[in-house]
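Chemist: Below is the file structure-v1.cif, which contains mmCIF, C-alpha atoms and all ligand atoms.
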```cif
data_upload
loop_
_atom_site.label_atom_id
_atom_site.label_comp_id
_atom_site.auth_asym_id
_atom_site.auth_seq_id
_atom_site.Cartn_x
_atom_site.Cartn_y
_atom_site.Cartn_z
CA MET A 34 -73.93 -160.85 23.00
CA LEU A 35 -74.31 -164.61 23.02
CA GLU A 36 -71.19 -165.18 25.07
CA HIS A 37 -72.95 -166.12 28.24
CA LEU A 38 -75.45 -168.71 27.12
CA PRO A 39 -76.04 -171.52 29.63
CA PRO A 40 -74.88 -174.95 28.40
CA ASP A 41 -78.21 -176.53 29.21
CA VAL A 42 -81.84 -175.35 29.36
CA THR A 43 -84.86 -177.28 30.62
CA ILE A 44 -87.98 -176.99 28.49
CA TYR A 45 -91.12 -177.03 30.63
CA GLU A 46 -93.74 -178.40 28.25
CA VAL A 47 -97.20 -176.96 28.98
CA GLY A 48 -99.06 -178.12 25.84
CA PRO A 49 -101.32 -180.76 27.45
CA ARG A 50 -102.62 -178.17 29.96
CA ASP A 51 -102.05 -174.57 28.83
CA GLY A 52 -102.36 -175.58 25.19
CA LEU A 53 -105.37 -177.89 25.29
CA GLN A 54 -107.38 -175.77 27.74
CA ASN A 55 -107.64 -173.11 25.03
CA GLU A 56 -108.60 -175.54 22.26
CA SER A 57 -112.30 -175.75 21.42
CA ARG A 58 -112.46 -179.42 20.36
CA LEU A 59 -112.89 -181.73 23.35
CA ILE A 60 -110.09 -184.32 23.24
CA PRO A 61 -111.04 -187.86 24.38
CA THR A 62 -109.15 -189.02 27.47
CA ASP A 63 -107.45 -191.95 25.70
CA ASP A 64 -106.10 -189.59 23.02
CA LYS A 65 -104.81 -187.19 25.65
CA ILE A 66 -102.99 -190.01 27.42
CA ALA A 67 -101.45 -191.20 24.14
CA PHE A 68 -100.37 -187.60 23.44
CA ILE A 69 -98.72 -187.19 26.86
CA ASP A 70 -97.07 -190.62 26.62
CA ALA A 71 -95.64 -189.66 23.23
CA LEU A 72 -94.31 -186.40 24.70
CA SER A 73 -92.66 -188.42 27.49
CA ARG A 74 -90.57 -190.25 24.88
CA THR A 75 -89.11 -187.14 23.22
CA GLY A 76 -86.52 -186.34 25.89
CA LEU A 77 -88.58 -183.61 27.54
CA ARG A 78 -87.82 -183.35 31.26
CA ALA A 79 -90.95 -181.58 32.50
CA ILE A 80 -94.54 -181.86 31.28
CA GLU A 81 -97.57 -180.10 32.71
CA ILE A 82 -100.28 -182.63 32.06
CA THR A 83 -103.56 -181.15 33.32
CA SER A 84 -105.32 -178.95 35.86
CA PHE A 85 -107.32 -180.02 38.92
CA VAL A 86 -109.79 -177.18 38.56
CA ASN A 87 -113.54 -177.50 38.81
CA PRO A 88 -114.66 -179.16 35.52
CA ARG A 89 -117.29 -176.45 35.20
CA TRP A 90 -114.48 -173.93 34.62
CA ILE A 91 -112.51 -175.95 32.11
CA PRO A 92 -114.49 -178.88 30.63
CA GLN A 93 -111.47 -179.83 28.47
CA LEU A 94 -109.56 -180.86 31.63
CA ALA A 95 -112.43 -182.55 33.49
CA ASP A 96 -110.57 -185.88 33.19
CA ALA A 97 -107.59 -184.68 35.27
CA VAL A 98 -107.67 -187.58 37.73
CA GLU A 99 -107.97 -190.24 35.05
CA VAL A 100 -105.22 -188.70 32.90
CA SER A 101 -102.85 -188.43 35.87
CA ARG A 102 -103.48 -192.02 36.88
CA ARG A 103 -103.22 -193.60 33.47
CA ILE A 104 -100.24 -191.92 31.80
CA THR A 105 -97.02 -193.93 31.68
CA ARG A 106 -94.57 -192.04 33.85
CA VAL A 107 -91.06 -192.13 32.40
CA PRO A 108 -88.29 -191.99 35.04
CA GLY A 109 -86.54 -188.64 34.99
CA VAL A 110 -89.56 -186.76 33.62
CA VAL A 111 -91.33 -184.38 35.99
CA TYR A 112 -95.13 -184.42 35.65
CA SER A 113 -97.00 -181.43 36.99
CA ALA A 114 -100.56 -180.13 37.18
CA LEU A 115 -102.29 -176.91 38.16
CA VAL A 116 -104.01 -176.84 41.53
CA PRO A 117 -106.36 -173.92 42.33
CA ASN A 118 -107.39 -174.82 45.90
CA ARG A 119 -107.36 -177.42 48.67
CA GLN A 120 -109.89 -179.60 46.87
CA GLY A 121 -107.66 -179.62 43.80
CA LEU A 122 -104.67 -180.52 45.94
CA ASP A 123 -106.54 -183.49 47.44
CA SER A 124 -107.37 -184.72 43.94
CA ALA A 125 -103.76 -184.23 42.81
CA LEU A 126 -102.47 -186.19 45.80
CA ALA A 127 -104.99 -188.97 45.20
CA ALA A 128 -103.90 -189.11 41.56
CA GLY A 129 -100.26 -189.56 42.54
CA MET A 130 -98.89 -186.17 41.50
CA LYS A 131 -95.43 -185.29 42.81
CA GLU A 132 -95.39 -181.71 41.57
CA ILE A 133 -98.14 -179.10 41.38
CA ALA A 134 -98.39 -175.49 40.30
CA VAL A 135 -100.37 -172.59 41.75
CA PHE A 136 -101.27 -169.55 39.67
CA MET A 137 -102.07 -165.87 40.00
CA SER A 138 -101.65 -162.63 38.09
CA ALA A 139 -99.47 -159.56 38.55
CA SER A 140 -102.41 -157.27 37.74
CA GLU A 141 -105.49 -156.99 39.97
CA THR A 142 -108.15 -157.07 37.24
CA HIS A 143 -106.78 -160.15 35.48
CA ASN A 144 -106.37 -161.91 38.83
CA LYS A 145 -109.93 -161.02 39.82
CA LYS A 146 -111.36 -162.26 36.51
CA ASN A 147 -109.27 -165.43 36.59
CA VAL A 148 -109.52 -166.54 40.23
CA ASN A 149 -112.20 -164.18 41.59
CA LYS A 150 -109.98 -162.82 44.35
CA THR A 151 -107.72 -159.87 44.97
CA ILE A 152 -103.98 -160.51 44.73
CA ALA A 153 -103.68 -160.23 48.52
CA ALA A 154 -106.53 -162.71 49.06
CA THR A 155 -104.97 -165.10 46.53
CA LEU A 156 -101.66 -165.11 48.37
CA GLU A 157 -103.55 -165.69 51.63
CA ALA A 158 -105.52 -168.58 50.09
CA PHE A 159 -102.25 -170.22 48.94
CA ARG A 160 -101.74 -170.99 52.64
CA ASP A 161 -104.46 -173.64 52.26
CA THR A 162 -102.60 -175.41 49.46
CA ILE A 163 -98.87 -174.76 49.47
CA PRO A 164 -97.94 -175.75 53.06
CA PRO A 165 -100.02 -178.99 52.96
CA ALA A 166 -98.56 -179.81 49.54
CA LEU A 167 -95.03 -179.32 50.85
CA ALA A 168 -95.86 -181.36 53.94
CA ALA A 169 -97.02 -184.18 51.65
CA GLY A 170 -93.65 -184.09 49.88
CA LEU A 171 -94.77 -182.31 46.70
CA LYS A 172 -92.80 -179.67 44.88
CA VAL A 173 -94.75 -176.49 44.20
CA ARG A 174 -94.22 -174.22 41.22
CA ALA A 175 -95.98 -170.87 40.79
CA TYR A 176 -97.19 -169.02 37.72
CA VAL A 177 -97.44 -165.27 37.69
CA SER A 178 -99.48 -164.09 34.68
CA THR A 179 -99.64 -160.64 33.06
CA VAL A 180 -96.12 -159.68 34.22
CA TYR A 181 -95.55 -157.57 31.09
CA GLY A 182 -99.04 -156.32 30.43
CA CYS A 183 -102.68 -156.92 31.32
CA PRO A 184 -105.58 -157.25 28.85
CA TYR A 185 -107.67 -155.01 31.14
CA GLU A 186 -105.19 -152.61 32.74
CA GLY A 187 -102.49 -152.27 30.07
CA ALA A 188 -98.99 -151.68 31.42
CA VAL A 189 -97.97 -153.51 34.60
CA ASP A 190 -95.39 -152.15 37.04
CA PRO A 191 -92.24 -154.36 36.83
CA ALA A 192 -92.00 -154.10 40.63
CA ARG A 193 -95.05 -156.40 40.88
CA ALA A 194 -93.04 -159.36 39.61
CA VAL A 195 -90.34 -158.70 42.19
CA GLU A 196 -92.85 -158.47 45.07
CA LEU A 197 -94.74 -161.59 44.01
CA CYS A 198 -91.55 -163.62 43.56
CA ARG A 199 -90.59 -162.65 47.10
CA GLU A 200 -94.02 -163.68 48.48
CA LEU A 201 -94.19 -166.94 46.55
CA ARG A 202 -90.67 -167.98 47.52
CA ALA A 203 -91.50 -167.23 51.16
CA LEU A 204 -94.53 -169.55 50.80
CA GLY A 205 -92.19 -172.33 49.62
CA CYS A 206 -92.53 -172.34 45.82
CA TYR A 207 -89.33 -173.77 44.30
CA GLN A 208 -89.72 -171.91 41.01
CA ILE A 209 -91.75 -168.98 39.73
CA SER A 210 -92.70 -168.82 36.08
CA LEU A 211 -93.12 -165.24 34.89
CA GLY A 212 -95.75 -165.07 32.17
CA ASP A 213 -96.34 -162.70 29.29
CA THR A 214 -99.97 -163.78 29.10
CA ILE A 215 -101.01 -161.54 26.20
CA GLY A 216 -97.71 -161.62 24.32
CA VAL A 217 -96.80 -157.94 24.49
CA ALA A 218 -93.29 -158.03 25.97
CA ASN A 219 -90.18 -156.88 24.15
CA PRO A 220 -86.57 -157.83 24.98
CA ARG A 221 -85.80 -154.54 26.71
CA GLN A 222 -88.75 -155.01 29.09
CA VAL A 223 -87.69 -158.60 29.73
CA ARG A 224 -84.18 -157.46 30.61
CA ASP A 225 -85.65 -154.85 32.97
CA VAL A 226 -88.01 -157.24 34.79
CA LEU A 227 -85.49 -160.10 35.01
CA SER A 228 -82.65 -157.90 36.24
CA ARG A 229 -84.90 -156.68 39.07
CA VAL A 230 -86.10 -160.19 39.93
CA LEU A 231 -82.69 -161.84 39.67
CA ALA A 232 -81.16 -159.21 41.94
CA GLU A 233 -82.83 -161.05 44.81
CA THR A 234 -83.81 -164.47 43.43
CA PRO A 235 -81.46 -167.35 42.52
CA THR A 236 -81.62 -167.93 38.74
CA PRO A 237 -82.84 -171.58 38.90
CA GLU A 238 -85.90 -170.36 40.83
CA VAL A 239 -87.10 -168.22 37.91
CA ALA A 240 -88.67 -169.55 34.71
CA VAL A 241 -90.00 -167.65 31.71
CA HIS A 242 -93.33 -168.17 29.96
CA PHE A 243 -93.71 -166.21 26.75
CA HIS A 244 -96.53 -165.99 24.28
CA ASP A 245 -95.80 -165.28 20.63
CA THR A 246 -98.93 -163.24 19.98
CA ARG A 247 -96.92 -160.38 18.45
CA GLY A 248 -93.89 -162.37 17.30
CA THR A 249 -91.50 -161.41 20.11
CA ALA A 250 -91.35 -164.67 22.09
CA LEU A 251 -88.05 -166.05 20.74
CA ALA A 252 -86.31 -162.68 21.12
CA ASN A 253 -87.55 -162.55 24.70
CA ILE A 254 -86.36 -166.09 25.38
CA LEU A 255 -82.94 -165.29 23.93
CA VAL A 256 -82.56 -162.35 26.30
CA SER A 257 -83.75 -164.51 29.20
CA VAL A 258 -81.24 -167.31 28.63
CA GLU A 259 -78.46 -164.77 28.13
CA MET A 260 -79.36 -163.50 31.60
CA GLY A 261 -78.92 -167.02 32.95
CA ILE A 262 -82.49 -168.37 32.91
CA THR A 263 -82.40 -172.17 32.51
CA THR A 264 -86.11 -173.08 32.51
CA VAL A 265 -88.28 -172.05 29.57
CA ASP A 266 -92.02 -172.83 29.31
CA SER A 267 -93.46 -173.63 25.90
CA ALA A 268 -96.27 -175.61 24.27
CA LEU A 269 -95.80 -178.22 21.58
CA GLY A 270 -96.73 -176.84 18.17
CA GLY A 271 -97.71 -173.54 19.81
CA LEU A 272 -100.98 -175.21 20.87
CA GLY A 273 -103.71 -173.14 22.43
CA GLY A 274 -103.87 -169.86 20.60
CA CYS A 275 -104.44 -166.62 22.44
CA PRO A 276 -107.65 -166.42 24.54
CA TYR A 277 -107.62 -162.61 24.24
CA ALA A 278 -107.13 -162.48 20.48
CA PRO A 279 -108.98 -165.27 18.67
CA GLY A 280 -106.93 -166.70 15.80
CA ALA A 281 -103.65 -165.23 17.08
CA SER A 282 -100.69 -167.20 18.47
CA GLY A 283 -100.51 -167.93 22.18
CA ASN A 284 -97.84 -170.07 23.80
CA VAL A 285 -94.48 -170.03 22.04
CA ALA A 286 -93.97 -173.35 20.22
CA THR A 287 -91.66 -175.87 21.86
CA GLU A 288 -90.10 -176.88 18.52
CA ASP A 289 -89.22 -173.27 17.69
CA VAL A 290 -87.55 -172.73 21.07
CA ILE A 291 -85.57 -175.97 20.86
CA TYR A 292 -84.49 -175.30 17.27
CA MET A 293 -83.08 -171.92 18.30
CA LEU A 294 -81.40 -173.14 21.49
CA GLU A 295 -79.88 -176.35 20.07
CA GLY A 296 -78.67 -174.41 17.03
CA MET A 297 -76.70 -172.15 19.37
CA GLY A 298 -75.22 -175.14 21.20
CA VAL A 299 -77.58 -174.97 24.19
CA HIS A 300 -78.52 -178.53 25.15
CA THR A 301 -82.18 -179.35 25.88
CA GLY A 302 -82.14 -183.15 25.65
CA VAL A 303 -85.15 -183.14 23.31
CA ASP A 304 -85.26 -185.02 20.00
CA LEU A 305 -86.75 -182.53 17.54
CA ASP A 306 -87.73 -185.18 14.98
CA LYS A 307 -89.75 -187.07 17.56
CA LEU A 308 -91.27 -183.82 18.74
CA VAL A 309 -92.49 -182.97 15.24
CA ASP A 310 -94.17 -186.38 15.06
CA VAL A 311 -96.00 -185.61 18.31
CA SER A 312 -97.01 -182.20 16.92
CA ARG A 313 -98.52 -183.94 13.93
CA LEU A 314 -100.47 -186.17 16.30
CA ALA A 315 -101.56 -183.10 18.28
CA SER A 316 -102.74 -181.27 15.16
CA THR A 317 -105.00 -184.22 14.27
CA LEU A 318 -106.38 -184.28 17.83
CA VAL A 319 -107.24 -180.57 17.90
CA GLY A 320 -108.48 -180.63 14.31
CA HIS A 321 -106.29 -177.92 12.83
CA GLU A 322 -102.69 -177.23 11.84
CA VAL A 323 -100.47 -175.97 14.65
CA PRO A 324 -98.72 -172.59 14.28
CA SER A 325 -95.13 -173.70 15.05
CA LYS A 326 -92.86 -172.36 12.32
CA PHE A 327 -90.34 -175.17 12.76
CA TYR A 328 -93.14 -177.73 12.49
CA ARG A 329 -94.45 -176.19 9.27
CA ALA A 330 -91.00 -175.96 7.71
CA THR A 331 -90.24 -179.57 8.61
CA MET A 332 -93.56 -180.92 7.36
CA GLY A 333 -93.08 -178.97 4.14
CA ALA A 334 -89.61 -180.44 3.63
CA ARG A 335 -90.86 -183.95 4.43
CA GLY A 336 -93.67 -183.49 1.90
CA ARG A 337 -91.22 -182.42 -0.82
CA ALA A 338 -88.89 -185.33 -0.03
CA ALA A 339 -91.80 -187.75 -0.37
CA SER A 340 -93.09 -186.38 -3.66
MG MG B 1 -99.37 -169.79 28.39
#
```
Just dump the structure as structure tokens.

Modeler:
Amino acid sequence: MLEHLPPDVTIYEVGPRDGLQNESRLIPTDDKIAFIDALSRTGLRAIEITSFVNPRWIPQLADAVEVSRRITRVPGVVYSALVPNRQGLDSALAAGMKEIAVFMSASETHNKKNVNKTIAATLEAFRDTIPPALAAGLKVRAYVSTVYGCPYEGAVDPARAVELCRELRALGCYQISLGDTIGVANPRQVRDVLSRVLAETPTPEVAVHFHDTRGTALANILVSVEMGITTVDSALGGLGGCPYAPGASGNVATEDVIYMLEGMGVHTGVDLDKLVDVSRLASTLVGHEVPSKFYRATMGARGRAAS
């Protein structure tokens, strides 16, 4: 145990998109831009800033074009956005995006409810977005949700992740992020799924996306990095909550992941102090405290030091 940790892990920050899209308070565009610009100065290397979906689906991200155009892009930071279809791709290109992400689920029912298509039809429809995106010089990432469990179907066959990674790589996606959308995975399951996927996929092409709904996210991330995974998705402060369990945790908190990794000597390049300041900003924007344990411990210690 712990002998094979990678020296360096890239945190893929999804707070401005995956986090904010599940927050009820509508954040003004200027505040969102200030939030993303602050994140860009923490040492993060990858930030998912928005989603070019129809504003009717996600009103919170209706300002995708304006946000993408007005943020201050820091050299060395990758900025990405979700793209659901050809129209979204055209908007992303017009807004100057260099990286996009497509998304689907490993379970039929979740996929159907989320994108209104079967899994097979979703893969087919990716042919309208991925090849033109690649032709335009963009990098394309893919999200596979419900890898470890579906809110409608329950258990999901681990073979689904393997099949979808194969399909998505064949379509030209440079990395596939495997998501535990409802936060049910345990480390043994993670080891099982990743060992199957990594048997045929180069490690840098696989990322992990855990939710902390039942408190297992850090354990799952530890197993993942021990298996060689070097890209971990997380959301600042643990923004977003869980859409399937109101009041429960959703995305694992970026601060908590970085605290664990840096403490074990795994470099992330992120300045935790600066990150906590951005979390404080984010908590004022969304109008409530954020669930990150590291954030709460740090704010508590700062409060005591000041009193
Ligand atoms: Mg998520």

Chemist: Can you pull out every residue within 7 Å of segment 68-82 of chain A, counting only C-alpha atoms, but drop anything in the same chain fewer than 6 positions away, and send it as JSON, numbers by chain?

Modeler: {"A": [43, 44, 45, 46, 47, 49, 50, 104, 105, 107, 109, 110, 111, 112, 113, 114, 302, 303, 304, 307, 308, 311, 315]}

Chemist: Please return as a PyMOL selection string every residue within 10 Å of (-91.9, -180.6, 46.9), taking into account only C-alpha atoms and the file's own coordinates.

Modeler: chain A and resi 131-133+163-164+166-174+205-207

Chemist: Please identify every residue of chain A that has at least one atom no farther than 7 Å from an atom of ligand MG 1 (chain B), counting all atoms listed in the file, and for each give the shortest atom pair and the distance in Å to one decimal, arranged by chain then increasing number, as CSV.

Modeler:
```
residue,atom,partner,partner_atom,distance
A:Asp51,CA,B:MG1,MG,5.5
A:Thr214,CA,B:MG1,MG,6.1
A:His242,CA,B:MG1,MG,6.4
A:Phe243,CA,B:MG1,MG,6.9
A:His244,CA,B:MG1,MG,6.3
A:Gly283,CA,B:MG1,MG,6.6
A:Asn284,CA,B:MG1,MG,4.8
```

Chemist: For atom CA of Pro61 of chain A and atom CA of Met130 of chain A, determine how far apart the two atoms are, in Å to one decimal place.

Modeler: 21.1 Å

Chemist: Env of segment 137-140 of chain A: 8 Å cut, atoms = only C-alpha atoms, seq-sep filter 6 positions within chain, self excluded. Answer as a short mmCIF file (atom, residue, chain, number, x, y, z; two decimals) with C-alpha atoms, in the coordinates of the input.

Modeler:
```cif
data_model
loop_
_atom_site.label_atom_id
_atom_site.label_comp_id
_atom_site.auth_asym_id
_atom_site.auth_seq_id
_atom_site.Cartn_x
_atom_site.Cartn_y
_atom_site.Cartn_z
CA ASN A 147 -109.27 -165.43 36.59
CA VAL A 148 -109.52 -166.54 40.23
CA ILE A 152 -103.98 -160.51 44.73
CA THR A 155 -104.97 -165.10 46.53
CA ALA A 175 -95.98 -170.87 40.79
CA TYR A 176 -97.19 -169.02 37.72
CA VAL A 177 -97.44 -165.27 37.69
CA SER A 178 -99.48 -164.09 34.68
CA THR A 179 -99.64 -160.64 33.06
CA VAL A 180 -96.12 -159.68 34.22
CA CYS A 183 -102.68 -156.92 31.32
CA GLU A 186 -105.19 -152.61 32.74
CA VAL A 189 -97.97 -153.51 34.60
CA ARG A 193 -95.05 -156.40 40.88
CA ALA A 194 -93.04 -159.36 39.61
CA LEU A 197 -94.74 -161.59 44.01
#
```

Chemist: Neighbouring residues of Thr162 of chain A were defined as those with any atom within 7 Å, considering all atoms listed in the file; residues of the same chain fewer than 6 positions away were excluded. Please report them as a compact mmCIF listing (two decimals) with C-alpha atoms, in the frame of the given file.

Modeler:
```txt
# COMPACT_ATOMS: atom_id res chain seq x y z
CA ASN A 118 -107.39 -174.82 45.90
CA ARG A 119 -107.36 -177.42 48.67
CA LEU A 122 -104.67 -180.52 45.94
```
